[in-house]
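work-v3.csv (CSV, C-alpha atoms)
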```csv
chain,number,residue,atom,x,y,z
A,937,MET,CA,13.5,-20.5,14.3
A,938,HIS,CA,13.5,-21.4,10.6
A,939,ILE,CA,10.2,-22.2,8.8
A,940,PRO,CA,10.9,-25.0,6.3
A,941,LEU,CA,8.9,-23.5,3.5
A,942,SER,CA,9.9,-21.8,0.3
A,943,PRO,CA,10.6,-18.1,0.9
A,944,TYR,CA,8.3,-17.3,-2.1
A,945,LEU,CA,5.4,-19.2,-0.5
A,946,LEU,CA,6.1,-17.2,2.7
A,947,LEU,CA,5.9,-14.0,0.8
A,948,VAL,CA,2.7,-15.0,-0.9
A,949,LEU,CA,1.1,-15.8,2.4
A,950,THR,CA,2.4,-12.6,3.9
A,951,THR,CA,0.8,-10.4,1.2
A,952,LEU,CA,-2.5,-12.4,1.6
A,953,PHE,CA,-2.6,-11.6,5.3
A,954,TRP,CA,-1.7,-7.9,4.7
A,955,ALA,CA,-4.3,-7.6,1.9
A,956,GLY,CA,-6.9,-8.8,4.4
A,957,ASN,CA,-5.6,-6.2,6.9
A,958,PHE,CA,-6.1,-3.3,4.5
A,959,VAL,CA,-9.7,-4.5,3.6
A,960,LEU,CA,-10.5,-5.1,7.3
A,961,GLY,CA,-9.0,-1.8,8.4
A,962,ARG,CA,-11.3,0.1,6.1
A,963,ALA,CA,-14.3,-2.0,7.0
A,964,VAL,CA,-14.0,-1.3,10.8
A,965,HIS,CA,-12.9,2.3,10.5
A,966,ALA,CA,-16.2,3.5,11.9
A,967,SER,CA,-16.3,1.1,14.9
A,968,ILE,CA,-12.6,0.9,16.0
A,969,PRO,CA,-10.5,4.2,16.2
A,970,PRO,CA,-7.2,3.9,14.4
A,971,VAL,CA,-4.8,4.0,17.4
A,972,SER,CA,-7.0,1.6,19.3
A,973,LEU,CA,-6.9,-0.8,16.4
A,974,VAL,CA,-3.1,-0.7,16.1
A,975,PHE,CA,-2.6,-0.8,19.9
A,976,TRP,CA,-4.8,-3.9,20.5
A,977,ARG,CA,-3.4,-5.5,17.4
A,978,TRP,CA,0.1,-5.5,18.8
A,979,ALA,CA,-1.1,-6.2,22.4
A,980,GLY,CA,-2.8,-9.3,21.1
A,981,ALA,CA,0.2,-10.2,19.0
A,982,LEU,CA,2.4,-9.9,22.1
A,983,LEU,CA,0.1,-12.2,24.1
A,984,ILE,CA,0.2,-14.7,21.3
A,985,LEU,CA,4.0,-14.6,21.1
A,986,LEU,CA,5.0,-14.6,24.7
A,987,PRO,CA,4.2,-18.3,25.6
A,988,PHE,CA,6.4,-19.4,22.7
A,989,THR,CA,9.1,-16.7,22.9
A,990,TRP,CA,9.8,-15.8,26.6
A,991,ARG,CA,12.6,-18.4,27.0
A,992,HIS,CA,14.4,-16.9,23.9
A,993,VAL,CA,13.9,-13.4,25.3
A,994,ARG,CA,15.2,-14.5,28.7
A,995,ASP,CA,18.2,-16.3,27.3
A,996,GLN,CA,19.1,-13.4,25.0
A,997,TRP,CA,18.4,-10.6,27.4
A,998,PRO,CA,22.0,-9.3,27.5
A,999,LEU,CA,22.1,-9.2,23.6
A,1000,LEU,CA,18.7,-7.5,23.5
A,1001,ARG,CA,19.9,-4.8,26.0
A,1002,HIS,CA,23.1,-4.3,24.0
A,1003,ASN,CA,21.2,-3.7,20.8
A,1004,TRP,CA,18.3,-1.7,22.2
A,1005,LYS,CA,18.9,1.3,19.9
A,1006,ALA,CA,18.7,-0.8,16.7
A,1007,LEU,CA,15.6,-2.7,18.1
A,1008,THR,CA,13.9,0.6,19.0
A,1009,MET,CA,14.5,1.8,15.4
A,1010,PHE,CA,12.9,-1.4,13.9
A,1011,ALA,CA,10.0,-1.0,16.4
A,1012,PHE,CA,9.5,2.6,15.5
A,1013,LEU,CA,9.4,2.0,11.7
A,1014,GLY,CA,7.7,-1.4,11.5
A,1015,VAL,CA,5.4,-1.5,14.5
A,1016,PHE,CA,4.6,2.0,15.5
A,1017,CYS,CA,4.8,4.2,12.4
A,1018,PHE,CA,3.7,1.9,9.5
A,1019,ASN,CA,0.6,0.4,11.1
A,1020,THR,CA,-0.5,3.6,12.8
A,1021,PHE,CA,-0.2,5.5,9.6
A,1022,VAL,CA,-2.1,2.9,7.6
A,1023,TYR,CA,-5.0,2.8,10.0
A,1024,ILE,CA,-5.2,6.6,10.2
A,1025,ALA,CA,-5.1,6.7,6.4
A,1026,LEU,CA,-8.0,4.3,6.2
A,1027,GLN,CA,-10.2,6.7,8.1
A,1028,SER,CA,-10.3,9.0,5.1
A,1029,THR,CA,-9.1,7.1,2.1
A,1030,THR,CA,-10.4,3.9,0.3
A,1031,ALA,CA,-8.8,0.5,0.5
A,1032,THR,CA,-8.3,0.8,-3.2
A,1033,ASN,CA,-6.2,4.0,-3.0
A,1034,ALA,CA,-4.3,2.6,0.0
A,1035,ILE,CA,-3.4,-0.6,-1.8
A,1036,LEU,CA,-2.4,1.3,-5.0
A,1037,LEU,CA,-0.1,3.6,-3.0
A,1038,ASN,CA,1.3,0.6,-1.0
A,1039,SER,CA,2.4,-0.8,-4.4
A,1040,ILE,CA,5.1,1.9,-4.4
A,1041,ILE,CA,7.0,0.1,-1.7
A,1042,PRO,CA,8.9,-2.3,-4.0
A,1043,ILE,CA,10.1,0.7,-6.0
A,1044,ALA,CA,11.2,2.5,-2.8
A,1045,ILE,CA,13.0,-0.6,-1.6
A,1046,VAL,CA,14.9,-0.9,-4.9
A,1047,ALA,CA,15.8,2.8,-4.7
A,1048,LEU,CA,17.1,2.6,-1.2
A,1049,SER,CA,19.1,-0.6,-2.1
A,1050,ARG,CA,20.6,1.1,-5.1
A,1051,LEU,CA,21.4,4.4,-3.5
A,1052,PHE,CA,22.6,3.2,-0.1
A,1053,GLY,CA,23.2,-0.5,-0.3
A,1054,GLY,CA,25.1,-0.7,-3.5
A,1055,THR,CA,22.7,-3.3,-4.9
A,1056,ARG,CA,22.7,-3.5,-8.7
A,1057,VAL,CA,19.3,-3.7,-10.4
A,1058,THR,CA,19.4,-5.7,-13.6
A,1059,GLN,CA,17.5,-4.8,-16.7
A,1060,LEU,CA,15.3,-8.0,-16.3
A,1061,GLN,CA,14.5,-7.0,-12.7
A,1062,ALA,CA,13.5,-3.5,-13.8
A,1063,VAL,CA,11.3,-4.8,-16.6
A,1064,GLY,CA,9.7,-7.3,-14.3
A,1065,MET,CA,8.9,-4.6,-11.7
A,1066,ALA,CA,7.4,-2.4,-14.5
A,1067,ILE,CA,5.2,-5.2,-15.8
A,1068,SER,CA,4.1,-6.1,-12.3
A,1069,PHE,CA,3.3,-2.4,-11.4
A,1070,ALA,CA,1.3,-2.2,-14.7
A,1071,GLY,CA,-0.8,-5.1,-13.5
A,1072,VAL,CA,-1.5,-3.3,-10.2
A,1073,ILE,CA,-2.6,-0.2,-12.2
A,1074,THR,CA,-4.8,-2.4,-14.5
A,1075,ILE,CA,-6.7,-3.9,-11.5
A,1076,ILE,CA,-7.0,-0.6,-9.5
A,1077,SER,CA,-8.2,1.4,-12.6
A,1078,ARG,CA,-10.4,-1.4,-14.0
A,1079,ALA,CA,-8.4,-0.9,-17.2
A,1080,ASP,CA,-10.1,2.5,-17.5
A,1081,LEU,CA,-7.8,5.5,-17.9
A,1082,ASP,CA,-10.6,7.9,-17.1
A,1083,LEU,CA,-11.2,6.1,-13.8
A,1084,LEU,CA,-7.5,6.2,-13.0
A,1085,LEU,CA,-7.3,9.9,-13.7
A,1086,ALA,CA,-10.4,10.4,-11.5
A,1087,LEU,CA,-8.6,9.1,-8.4
A,1088,ARG,CA,-8.2,12.0,-6.0
A,1089,VAL,CA,-5.4,12.4,-3.5
A,1090,ASN,CA,-6.6,13.2,0.0
A,1091,ARG,CA,-5.2,13.5,3.5
A,1092,GLY,CA,-5.4,9.7,4.0
A,1093,ASP,CA,-3.3,9.1,0.9
A,1094,LEU,CA,-0.5,11.2,2.3
A,1095,TRP,CA,-0.6,9.1,5.5
A,1096,VAL,CA,-0.2,6.0,3.2
A,1097,LEU,CA,2.8,7.6,1.6
A,1098,LEU,CA,4.4,8.1,5.0
A,1099,ALA,CA,3.6,4.4,5.8
A,1100,VAL,CA,5.2,3.4,2.5
A,1101,ALA,CA,8.4,5.3,3.4
A,1102,CYS,CA,8.6,3.6,6.8
A,1103,TRP,CA,8.0,0.1,5.6
A,1104,ALA,CA,10.5,0.5,2.7
A,1105,LEU,CA,13.1,1.7,5.2
A,1106,TYR,CA,12.3,-1.1,7.7
A,1107,THR,CA,12.7,-3.8,4.9
A,1108,PHE,CA,15.9,-2.2,3.6
A,1109,LEU,CA,17.5,-2.1,7.1
A,1110,LEU,CA,16.6,-5.7,7.9
A,1111,ARG,CA,20.0,-6.7,6.5
A,1112,GLN,CA,21.5,-4.9,9.5
A,1113,ARG,CA,19.4,-6.4,12.2
A,1114,PRO,CA,21.5,-7.5,15.2
A,1115,ALA,CA,23.5,-10.7,14.5
A,1116,GLY,CA,22.8,-13.7,16.7
A,1117,LEU,CA,19.3,-12.7,17.8
A,1118,HIS,CA,16.7,-15.5,17.5
A,1119,PRO,CA,13.9,-14.4,15.1
A,1120,LEU,CA,11.3,-14.7,17.8
A,1121,SER,CA,13.4,-12.7,20.3
A,1122,PHE,CA,13.7,-10.0,17.6
A,1123,LEU,CA,10.0,-9.9,16.8
A,1124,THR,CA,8.9,-10.0,20.5
A,1125,SER,CA,11.3,-7.2,21.4
A,1126,ILE,CA,10.2,-4.9,18.6
A,1127,VAL,CA,6.5,-5.6,19.3
A,1128,ALA,CA,7.0,-4.8,23.0
A,1129,LEU,CA,9.0,-1.6,22.2
A,1130,GLY,CA,6.4,-0.6,19.7
A,1131,LEU,CA,3.6,-1.0,22.3
A,1132,LEU,CA,5.5,1.2,24.7
A,1133,GLY,CA,5.5,3.9,22.1
A,1134,LEU,CA,1.8,3.4,21.3
A,1135,ALA,CA,0.6,3.5,24.9
A,1136,PRO,CA,0.7,7.3,25.3
A,1137,LEU,CA,-0.9,7.8,21.9
A,1138,TYR,CA,-3.6,5.3,22.8
A,1139,ALA,CA,-4.2,7.1,26.1
A,1140,TRP,CA,-4.5,10.4,24.2
A,1141,GLU,CA,-7.1,8.9,21.8
A,1142,LEU,CA,-9.2,7.6,24.8
A,1143,GLY,CA,-9.0,11.1,26.3
A,1144,GLN,CA,-10.5,12.4,23.1
A,1145,GLY,CA,-13.6,10.2,23.8
A,1146,LEU,CA,-12.8,7.8,21.0
A,1147,HIS,CA,-13.6,4.2,22.0
A,1148,MET,CA,-14.2,0.9,20.3
A,1149,ALA,CA,-17.7,-0.4,19.7
A,1150,PRO,CA,-17.7,-3.8,21.5
A,1151,GLY,CA,-19.2,-6.8,19.8
A,1152,PRO,CA,-18.4,-10.1,18.1
A,1153,ALA,CA,-17.2,-8.3,14.9
A,1154,THR,CA,-14.8,-6.1,16.9
A,1155,TRP,CA,-13.3,-9.1,18.7
A,1156,ALA,CA,-13.0,-11.2,15.6
A,1157,SER,CA,-11.3,-8.3,13.8
A,1158,LEU,CA,-8.8,-7.8,16.6
A,1159,LEU,CA,-8.0,-11.5,16.6
A,1160,TYR,CA,-7.4,-11.5,12.9
A,1161,VAL,CA,-5.1,-8.5,12.9
A,1162,ALA,CA,-3.2,-9.7,15.9
A,1163,PHE,CA,-2.5,-13.2,14.5
A,1164,PHE,CA,-2.3,-13.2,10.7
A,1165,PRO,CA,-0.9,-9.8,9.6
A,1166,SER,CA,1.1,-9.3,12.8
A,1167,VAL,CA,2.6,-12.5,14.2
A,1168,LEU,CA,2.6,-14.8,11.1
A,1169,ALA,CA,3.2,-12.1,8.5
A,1170,PHE,CA,6.2,-10.5,10.3
A,1171,ILE,CA,7.8,-13.9,11.0
A,1172,PHE,CA,7.3,-14.9,7.3
A,1173,TRP,CA,8.4,-11.5,5.9
A,1174,ASN,CA,11.6,-11.2,8.1
A,1175,GLN,CA,12.7,-14.8,7.2
A,1176,ALA,CA,12.0,-14.4,3.4
A,1177,VAL,CA,13.8,-11.0,3.2
A,1178,GLY,CA,16.8,-12.6,4.7
A,1179,GLN,CA,16.7,-15.4,2.1
A,1180,VAL,CA,15.9,-13.7,-1.1
A,1181,GLY,CA,16.8,-10.1,-0.4
A,1182,ALA,CA,14.7,-6.9,0.0
A,1183,ASN,CA,14.3,-6.2,-3.7
A,1184,ARG,CA,12.8,-9.5,-4.7
A,1185,ALA,CA,10.7,-9.7,-1.5
A,1186,GLY,CA,9.3,-6.2,-2.0
A,1187,LEU,CA,7.9,-7.0,-5.4
A,1188,PHE,CA,5.5,-9.5,-3.9
A,1189,LEU,CA,3.6,-6.6,-2.3
A,1190,HIS,CA,2.1,-6.2,-5.8
A,1191,LEU,CA,0.1,-9.3,-5.0
A,1192,MET,CA,-2.0,-7.3,-2.5
A,1193,PRO,CA,-4.6,-6.1,-5.2
A,1194,VAL,CA,-4.7,-9.7,-6.5
A,1195,PHE,CA,-5.7,-11.0,-3.1
A,1196,GLY,CA,-8.0,-8.0,-2.6
A,1197,THR,CA,-9.8,-9.0,-5.7
A,1198,LEU,CA,-10.0,-12.7,-4.8
A,1199,LEU,CA,-11.2,-11.9,-1.2
A,1200,SER,CA,-13.9,-9.7,-2.7
A,1201,ILE,CA,-15.1,-12.5,-5.0
A,1202,MET,CA,-15.0,-15.1,-2.2
A,1203,PHE,CA,-16.7,-13.1,0.6
A,1204,LEU,CA,-18.5,-10.2,-1.1
A,1205,GLY,CA,-20.0,-12.1,-4.0
A,1206,GLU,CA,-18.2,-9.9,-6.6
A,1207,SER,CA,-17.6,-11.2,-10.2
A,1208,LEU,CA,-14.3,-11.8,-11.9
A,1209,HIS,CA,-13.7,-9.5,-14.9
A,1210,LEU,CA,-11.3,-9.5,-17.8
A,1211,PHE,CA,-9.4,-6.5,-16.5
A,1212,GLN,CA,-8.7,-8.4,-13.2
A,1213,VAL,CA,-7.5,-11.5,-15.1
A,1214,THR,CA,-5.3,-9.3,-17.2
A,1215,GLY,CA,-3.9,-7.5,-14.2
A,1216,ILE,CA,-3.2,-10.7,-12.3
A,1217,GLY,CA,-1.5,-12.1,-15.3
A,1218,LEU,CA,0.8,-9.1,-15.6
A,1219,ILE,CA,1.6,-9.2,-11.9
A,1220,PHE,CA,2.6,-12.8,-11.9
A,1221,SER,CA,4.6,-12.4,-15.1
A,1222,GLY,CA,6.5,-9.5,-13.6
A,1223,ILE,CA,7.2,-11.4,-10.4
A,1224,TRP,CA,8.3,-14.5,-12.4
A,1225,LEU,CA,10.8,-12.4,-14.4
A,1226,THR,CA,12.2,-10.7,-11.3
A,1227,THR,CA,12.7,-13.9,-9.4
A,1228,ARG,CA,14.5,-15.4,-12.4
A,1229,ALA,CA,16.9,-12.4,-12.7
```
Could you take the file, read its structure, and then write that structure out as structure tokens?
Amino acid sequence: MHIPLSPYLLLVLTTLFWAGNFVLGRAVHASIPPVSLVFWRWAGALLILLPFTWRHVRDQWPLLRHNWKALTMFAFLGVFCFNTFVYIALQSTTATNAILLNSIIPIAIVALSRLFGGTRVTQLQAVGMAISFAGVITIISRADLDLLLALRVNRGDLWVLLAVACWALYTFLLRQRPAGLHPLSFLTSIVALGLLGLAPLYAWELGQGLHMAPGPATWASLLYVAFFPSVLAFIFWNQAVGQVGANRAGLFLHLMPVFGTLLSIMFLGESLHLFQVTGIGLIFSGIWLTTRA
């Protein structure tokens, strides 16, 4: 399956969906335990996928079985670890801290590509990345150095850093995903394998007496995380990385604080400030430079 859209548009939409995921994950942390959220997120995603993908899975079953080790690795990094670590982190850190630390991913991807993939980073790409990261810092710190220095690292932030490492490695390794696999077969298989790994952890959480608080907000939240940041975002991300490369794709994650700002203005009634405009301008300038390199 190939989506006939610009890879850069796919990356923009992906970061929009993921920004919403971070904000929502923090908003529901008191009503949905972290493992429950990630388990039902991917269970819902699998239910959405299967009506459209089961034929691909059936036809490519021998290829899937042959590549089960590689698929298990992708499931472990991208489905099990990254999402579980993020939701655990959002129990004790803010969405602001999480998005800031998540912005390290592009740098981690470039480092992996340079050290292990032999990918050369041009001066223009390095400058673009630095400018874009400066934009992230401007938005998160509200252009106030004292506020930036006042940010405190806590246990949740360490979970985010683990998630960052997992997603950077997942993205870097996408170049080595099994050849010949249909994108939907690949996604369905790693979601299913990720769920198998999550099931014992989910059972343990239930055994600790941690349960979801049922209600319309809970079901709406689960529907959002199952469809937008899971099904659509993973399809978009995997295709775009294959088209433009991990380094360029990773930089688009700096758009997450931009979308976090815009979502807050649209749905929370917050105002747009000069520091936000400045930060957004820096981020877009950095991305523009990098995509032209």
Check your understanding: In terms of the shortest atom-to-atom distance over only C-alpha atoms, which of A:Ile1075, A:Ala1034, A:Phe1172, A:Leu1048 is closest to A:Arg1088?
Key -> A:Ala1034
A:Glu1141: which residues within 8 Å, counting only C-alpha atoms, same-chain residues fewer than 5 positions away excluded, as a PDB file with C-alpha atoms, in the coordinates of the input?
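Output file result27.pdb is given in full below:
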```pdb
ATOM      1  CA  VAL A 971      -4.800   4.000  17.400  1.00  0.00           C
ATOM      2  CA  SER A 972      -7.000   1.600  19.300  1.00  0.00           C
ATOM      3  CA  LEU A1146     -12.800   7.800  21.000  1.00  0.00           C
TER       4      LEU A1146
END
```
Exercise for review: Fewer than 3 positions away in the same chain doesn't count, so skip those; otherwise give me all residues within 7 Å of A:Gln1061, counting all atoms listed in the file, as a list in words.
Suggested key: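 Skipping anything fewer than 3 positions along the chain leaves Val1057, Thr1058, Gly1064, Met1065, Leu1225, Thr1226 and Ala1229 of chain A.
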Practice item. Tell me which of A:Gln1175, A:Asn1183, A:Ser1166, A:Asn1019 sits closest to A:Ile1041, counting all atoms listed in the file. Key: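 Answer, going by the shortest atom-to-atom distance: A:Asn1183.
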Practice item. Report the distance between atom CA of A:Ala1079 and atom CA of A:Gly1215 in Å, rounded to one decimal place. Key: 8.5 Å
